[in-house]
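Student: Have a look at this one.
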Amino acid sequence: MNPASGSKLTGSRAALVFLCFASAYLLSYALRSVNAVVGPVLMQDLHLSNTDLGILTAAYFIGFSAMQLPLGVWLDQYGARRTESCLLAVGVLGCLLFAWSDSFAGLCLGRTLIGAGVSSCLMGAFKGFRLWYPLGLQSSLASSMMVAGTAGALASTVPVTLALPLLGWRGLFVLVALLLALVALALYFGLQKVEQEFNAASSSAATLQHPSSARPANSFLHNIAGYGEIFRHPYFRRLGLLGFVNHGIFIALQTLWAGPWMIKVLGKTPQQSSQILFAFNTCLLLGYLALAWVAPRYIRSGRATGWAVEWVVGLGLGAALLVQVAILALPFSWAWVLWLLLTLCVAVTALIQTHLSLTFPEHLAGRANSAYNLLIFVGAFFAQAGIGWLIDFFAAHQFTSVAAMRAALAVCVLLQFLSVLRFALHPARPSVA
């Protein structure tokens, strides 16, 4: 229990904190998703293969994943405000390097720095929410952050298509660098007073309850070792596989391969593809909005009654499997509608991270969320690069380009089925929630 539970944020201060975190996550998701639209331009300008585009886009996830373990420690030690604003500065450098590079290696390095720089945008928010907002709002806040992220994905579709002829893809990344810098300043200076007031209240409450029990600062290596407790936890492992396989594959599809699917498999033009991706991300946003409304009322996470999170997640991901089977089986031009249905099924994954943070003590919340996020984005890296490799592999074995894409997605569906089956059969339950 947080000692300062009586000092949770309300009113305009609560709105300010959410707005700062949500703005950062919006930009991070736009950067994650933008290659679904910019990808064909990059392939043409840089003469990239499917494998090259997959690797270039997935470089984001290399930087993102590499930061997750130290990120959890920094969030628990230094707080969300300082950690996130400093990392966003790295993202600014990454955007500028990407915009100014002429080599494939330079572009990969720039995208890796972008991934590292925005690696705290969701985990930092979850850490701040856990400390500064009531437990009953956690699921709703998590879903609202998903709405902000999906708004970023929306911004990377039709708006990017319209901006490309004016700015070019290089000018686009310079613009995003400027926006990231503004958000970093807002986080660092705009939330400084809020954090100081809350920390003072927490220190006073802790002193009154335990005047001689101040916790000494642990070394960085000691805190990294604390991840062992998280990764050994049976319930973490049960949910972690869903993050690695199911969530990772969905991110790979959303942020890159859904666009080529619309063009190559369904025969859409690039403009039609960007419009479909806009609708795709709009439906995902609506799914998260619905979840933000439903979660605090009906879903049991940090509360005594309601639907079990595991049941809701299992049902949603099971339905997502059926939709993907239909996507594979129906080659008609109108089958893009099935992708909209897929987003509504996958929206339930937003529940997992908040639910996991409540499974562990508050001082491990940042590390628990970061450990799960690590699995998601390692999975997304392998899925994004792997799908490109599979497409080229099948194409090299006499598959048409359409058949190669279908075969690659079929492999992804099989892996997701095995993951959901293991989740359904695994008996682990949360020890704390």
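Every chain in the structure tokens has a letter given in the order shown (A, B, ...), and although residue numbers restart at 1 in each chain, ligands are simply numbered from 1 in the order shown.
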With a distance cut-off of 12 Å and only C-alpha atoms, select the neighbouring residues of Leu178 of chain A, excluding the residue or stretch itself and same-chain residues fewer than 5 positions from it, and output the selection as a count of residues only.
Tutor: 15
Student: Per residue of segment 79-129 of chain A within 7 Å of segment 61-69 of chain A, what are the shortest atom pair and its distance in Å to one decimal, counting only C-alpha atoms, with rows by chain and residue number, as a Markdown table?
Tutor:
```
| residue | atom | partner | partner_atom | distance |
| --- | --- | --- | --- | --- |
| A:Thr112 | CA | A:Gly63 | CA | 4.5 |
| A:Leu113 | CA | A:Gly63 | CA | 6.0 |
| A:Gly115 | CA | A:Phe64 | CA | 4.4 |
| A:Ala116 | CA | A:Gly63 | CA | 4.3 |
| A:Ser119 | CA | A:Phe64 | CA | 5.0 |
```
Student: Can you write out the residues you just picked, keeping N, CA and C atoms, as a PDB file, in the first residue's frame?
Tutor:
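part28.pdb, freshly written:
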```pdb
ATOM      1  N   THR A 112      17.361   2.645 -34.365  1.00  0.00           N
ATOM      2  CA  THR A 112      17.663   2.007 -33.077  1.00  0.00           C
ATOM      3  C   THR A 112      17.645   3.037 -31.948  1.00  0.00           C
ATOM      4  N   LEU A 113      18.223   4.209 -32.193  1.00  0.00           N
ATOM      5  CA  LEU A 113      18.204   5.274 -31.187  1.00  0.00           C
ATOM      6  C   LEU A 113      16.786   5.780 -30.937  1.00  0.00           C
ATOM      7  N   GLY A 115      14.089   3.934 -31.079  1.00  0.00           N
ATOM      8  CA  GLY A 115      13.488   2.928 -30.209  1.00  0.00           C
ATOM      9  C   GLY A 115      13.941   3.054 -28.773  1.00  0.00           C
ATOM     10  N   ALA A 116      15.260   3.292 -28.581  1.00  0.00           N
ATOM     11  CA  ALA A 116      15.775   3.478 -27.217  1.00  0.00           C
ATOM     12  C   ALA A 116      15.191   4.733 -26.586  1.00  0.00           C
ATOM     13  N   SER A 119      11.543   4.341 -25.384  1.00  0.00           N
ATOM     14  CA  SER A 119      11.310   3.072 -24.694  1.00  0.00           C
ATOM     15  C   SER A 119      10.577   3.217 -23.377  1.00  0.00           C
TER      16      SER A 119
END
```
Student: Using DSSP assignments from the backbone, pull out every residue in segment 229-340 of chain A that falls under strand (DSSP E) and give it to me as JSON, numbers by chain.
Tutor: {"A": [299, 300, 307, 308]}
Student: Write a file of the just-selected residues containing C-alpha atoms, as a short mmCIF file (atom, residue, chain, number, x, y, z; two decimals), in the first residue's frame.
Tutor:
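Generated output (selection_10.cif):
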```cif
data_model
loop_
_atom_site.label_atom_id
_atom_site.label_comp_id
_atom_site.auth_asym_id
_atom_site.auth_seq_id
_atom_site.Cartn_x
_atom_site.Cartn_y
_atom_site.Cartn_z
CA ILE A 299 -13.18 -6.37 -15.03
CA ARG A 300 -11.50 -7.63 -11.87
CA TRP A 307 -14.77 -10.63 -14.83
CA ALA A 308 -11.35 -12.22 -14.46
#
```
Student: Please tabulate, as a tab-separated table, the residues of segment 51-148 of chain A that come within 7 Å of segment 16-24 of chain A, each with its closest pair of atoms and the distance in Å to one decimal, counting only C-alpha atoms and ordering rows by chain, then residue number upward.
Tutor:
```
residue	atom	partner	partner_atom	distance
A:Cys121	CA	A:Ala24	CA	5.9
A:Ala125	CA	A:Phe21	CA	5.7
A:Met145	CA	A:Ala22	CA	6.0
A:Ala148	CA	A:Ala22	CA	5.6
```
Student: Would you pick out the contacts of Leu141 of chain A at 12 Å or less, using only C-alpha atoms, so that residues sharing its chain but fewer than 4 positions from it are not included, and give the list as an mmCIF file with C-alpha atoms, in the first residue's frame?
Tutor:
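around03.cif was written with the following content:
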```
data_model
loop_
_atom_site.group_PDB
_atom_site.id
_atom_site.type_symbol
_atom_site.label_atom_id
_atom_site.label_comp_id
_atom_site.auth_asym_id
_atom_site.auth_seq_id
_atom_site.Cartn_x
_atom_site.Cartn_y
_atom_site.Cartn_z
ATOM 1 C CA ALA A 14 -4.219 14.632 -12.705
ATOM 2 C CA ALA A 15 -5.180 15.798 -16.203
ATOM 3 C CA VAL A 17 0.135 14.393 -15.741
ATOM 4 C CA PHE A 18 -1.930 12.225 -18.081
ATOM 5 C CA LEU A 19 -1.642 14.723 -20.945
ATOM 6 C CA PHE A 21 2.540 11.069 -20.671
ATOM 7 C CA ALA A 22 -0.099 10.560 -23.365
ATOM 8 C CA LEU A 122 4.377 3.611 -21.783
ATOM 9 C CA ALA A 125 3.314 6.371 -17.585
ATOM 10 C CA PHE A 126 2.406 3.117 -15.839
ATOM 11 C CA LYS A 127 4.971 3.818 -13.113
ATOM 12 C CA GLY A 128 3.602 7.320 -12.584
ATOM 13 C CA PHE A 129 0.011 6.094 -12.625
ATOM 14 C CA ARG A 130 0.755 3.393 -10.048
ATOM 15 C CA TRP A 132 -0.037 8.994 -8.348
ATOM 16 C CA TYR A 133 -3.522 7.656 -9.115
ATOM 17 C CA PRO A 134 -5.972 5.422 -7.169
ATOM 18 C CA LEU A 135 -5.803 1.679 -7.827
ATOM 19 C CA GLY A 136 -9.365 1.657 -9.113
ATOM 20 C CA LEU A 137 -8.351 3.874 -12.051
ATOM 21 C CA MET A 145 -2.948 5.361 -22.846
ATOM 22 C CA MET A 146 -3.675 2.779 -25.525
ATOM 23 C CA VAL A 147 -6.095 5.308 -27.020
ATOM 24 C CA ALA A 148 -3.291 7.897 -27.086
ATOM 25 C CA TYR A 288 -9.350 0.825 -26.284
ATOM 26 C CA LEU A 289 -11.949 3.506 -25.524
ATOM 27 C CA LEU A 291 -12.123 -1.064 -22.734
ATOM 28 C CA ALA A 292 -11.383 2.096 -20.734
ATOM 29 C CA TRP A 293 -15.090 2.351 -19.994
ATOM 30 C CA VAL A 294 -15.681 -1.353 -19.340
ATOM 31 C CA ALA A 295 -12.553 -2.124 -17.278
ATOM 32 C CA PRO A 296 -13.288 -0.165 -14.072
ATOM 33 C CA ALA A 350 -4.035 -3.536 -22.772
ATOM 34 C CA LEU A 351 -5.285 -5.205 -19.603
ATOM 35 C CA GLN A 353 0.411 -4.813 -18.240
ATOM 36 C CA THR A 354 -1.596 -3.036 -15.556
ATOM 37 C CA HIS A 355 -2.756 -6.371 -14.191
#
```
Student: Give me, as number ranges by chain, the residues of segment 1-63 of chain A that a backbone DSSP run labels alpha helix (DSSP H).
Tutor: A: 11-33, 35-46, 50-63
Student: Which one is closest to Cys86 of chain A: A:Gly168, A:Gly124, A:Gly267, A:Gly117? Count only C-alpha atoms.
Tutor: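 Closest to Cys86 of chain A, using only C-alpha atoms: A:Gly117.
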Student: Rank nothing, just name the residue among A:Leu241, A:Leu364, A:Leu179, A:Leu375 nearest to Leu75 of chain A, using only C-alpha atoms.
Tutor: A:Leu364
